[in-house]
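Asker: Enclosed is the structure file run-v2.txt (compact mmCIF, C-alpha atoms).
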# COMPACT_ATOMS: atom_id res chain seq x y z
CA MET A 157 -13.39 3.70 8.97
CA PHE A 158 -12.29 3.44 5.34
CA GLN A 159 -14.80 4.53 2.74
CA SER A 160 -14.38 3.72 -0.92
CA ASN A 161 -14.27 6.48 -3.52
CA ASP A 162 -15.46 3.96 -6.11
CA PRO A 163 -18.69 5.33 -7.62
CA ASP A 164 -19.94 1.75 -8.02
CA ALA A 165 -19.65 1.23 -4.26
CA GLN A 166 -22.10 3.96 -3.33
CA ALA A 167 -24.42 6.44 -5.02
CA SER A 168 -22.83 9.81 -5.71
CA THR A 169 -24.64 13.09 -6.24
CA ASN A 170 -21.49 15.08 -7.07
CA GLY A 171 -20.02 15.43 -10.55
CA PRO A 172 -20.91 13.83 -13.87
CA ALA A 173 -22.13 10.27 -14.15
CA GLN A 174 -19.32 7.72 -14.44
CA PRO A 175 -19.24 5.20 -17.30
CA PRO A 176 -19.88 1.57 -16.36
CA LYS A 177 -16.88 -0.22 -14.88
CA SER A 178 -16.46 -2.31 -18.06
CA GLN A 179 -15.89 0.88 -20.13
CA ARG A 180 -13.38 2.59 -17.83
CA GLN A 181 -9.68 2.68 -18.60
CA PRO A 182 -7.50 0.97 -15.97
CA ARG A 183 -5.15 3.28 -14.09
CA ARG A 184 -2.08 2.77 -11.98
CA ASP A 185 -2.22 3.77 -8.34
CA LYS A 186 0.84 4.19 -6.13
CA ILE A 187 0.54 2.88 -2.55
CA ARG A 188 3.22 3.42 0.08
CA VAL A 189 3.54 0.84 2.84
CA LEU A 190 5.38 1.72 6.06
CA LEU A 191 6.46 -0.55 8.89
CA TYR A 192 7.48 0.73 12.31
CA GLY A 193 9.04 -1.39 15.04
CA SER A 194 12.16 -3.16 16.19
CA LEU A 195 14.66 -4.32 13.57
CA GLU A 196 13.78 -7.94 14.38
CA GLY A 197 10.05 -7.33 14.09
CA ILE A 198 10.41 -5.42 10.83
CA ASP A 199 12.63 -8.13 9.34
CA ARG A 200 10.14 -10.84 10.30
CA ASN A 201 7.21 -8.88 8.85
CA ILE A 202 9.04 -8.19 5.57
CA LYS A 203 9.73 -11.92 5.20
CA GLN A 204 6.06 -12.73 5.92
CA LEU A 205 4.84 -10.20 3.35
CA HIS A 206 7.29 -11.65 0.84
CA THR A 207 6.00 -15.19 1.53
CA LEU A 208 2.45 -13.92 0.88
CA ASN A 209 3.64 -12.39 -2.44
CA TYR A 210 2.57 -8.95 -1.20
CA ALA A 211 5.92 -7.17 -1.38
CA ASP A 212 9.31 -8.35 -2.57
CA ALA A 213 11.81 -8.45 0.29
CA GLY A 214 14.39 -6.54 -1.77
CA ASN A 215 12.11 -3.57 -2.45
CA TRP A 216 12.08 -2.14 1.09
CA SER A 217 14.17 0.86 2.11
CA ASP A 218 17.06 0.54 4.51
CA PRO A 219 15.89 0.91 8.13
CA ILE A 220 15.63 4.51 9.30
CA PRO A 221 15.73 5.35 13.02
CA THR A 222 12.58 7.16 14.19
CA GLY A 223 14.19 8.87 17.17
CA ARG A 224 12.36 6.62 19.62
CA LEU A 225 14.45 4.10 21.53
CA GLY A 226 14.62 0.81 19.59
CA GLU A 227 12.15 1.93 16.89
CA TRP A 228 12.91 1.90 13.19
CA MET A 229 10.93 2.54 10.01
CA VAL A 230 11.06 1.03 6.51
CA ILE A 231 9.01 1.89 3.44
CA THR A 232 8.15 0.32 0.10
CA THR A 233 5.99 1.45 -2.80
CA LYS A 234 3.50 -0.79 -4.58
CA HIS A 235 1.98 -0.02 -7.97
CA LEU A 236 -1.55 -1.31 -8.30
CA LEU A 237 -3.70 -1.54 -11.41
CA ILE A 238 -7.14 -0.09 -10.61
CA GLU A 239 -9.85 -1.15 -13.02
Written as C-alpha cells, that's how I'd like the structure from this file.

Answerer:
Amino acid sequence: MFQSNDPDAQASTNGPAQPPKSQRQPRRDKIRVLLYGSLEGIDRNIKQLHTLNYADAGNWSDPIPTGRLGEWMVITTKHLLIE
C-alpha cells in the first residue's frame, strides 16, 4: 500500500527535524502517468481524464505498441506543486 513520505503524515526518527509546513518552500514534482490497453480504451480514458481536468488530451504521447496483441501504451507527464 502507498505510504506518504510527508513528515507531517507520520512521526520520523531519521534525519533533522523538518520546519512546519507553513514555513516550507513549495517544490515542483514530476509525475508520469501511463495507460495500457486497446487503442479504443486508451482514447476513451484520455477523454475522460481531460473532462475531469486531470490531463489535457493533447499532452499524451502517440500510442506505442507493447508487443502484446492489441495492447498499446501512452504516457504523459504532470507537474505538481508540492507544498

Asker: Have a look at CA of Gly223 in chain A and CA of Ala211 in chain A and let me know their distance in Å, one decimal.

Answerer: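 Taking CA of Gly223 in chain A and CA of Ala211 in chain A, their separation equals 25.9 Å.
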
Asker: Could you tell me how far CA of Glu227 in chain A sits from CA of Asp185 in chain A, in Å to one decimal place?

Answerer: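 If I compute the distance from CA of Asp185 in chain A to CA of Glu227 in chain A, I get 29.1 Å.
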
Asker: Could you list, as a list in words, every residue within 9 Å of Leu236 in chain A, counting only C-alpha atoms and ignoring same-chain residues fewer than 6 positions away?

Answerer: Arg183, Arg184, Asp185, Lys186 and Ile187 of chain A

Asker: Identify which of the residues A:Leu195, A:Val230, A:Leu237, A:Val189 lies closest to Asp218 in chain A, counting all atoms listed in the file when measuring atom-to-atom distances.

Answerer: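 Smallest distance to Asp218 in chain A is found for A:Val230.
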
Asker: Give me, as a list in words, all polymer residues having an atom no more than 12 Å from Arg224 in chain A, counting only C-alpha atoms and skipping those fewer than 5 positions away in the same chain.

Answerer: Tyr192, Gly193, Ser194 and Met229 of chain A
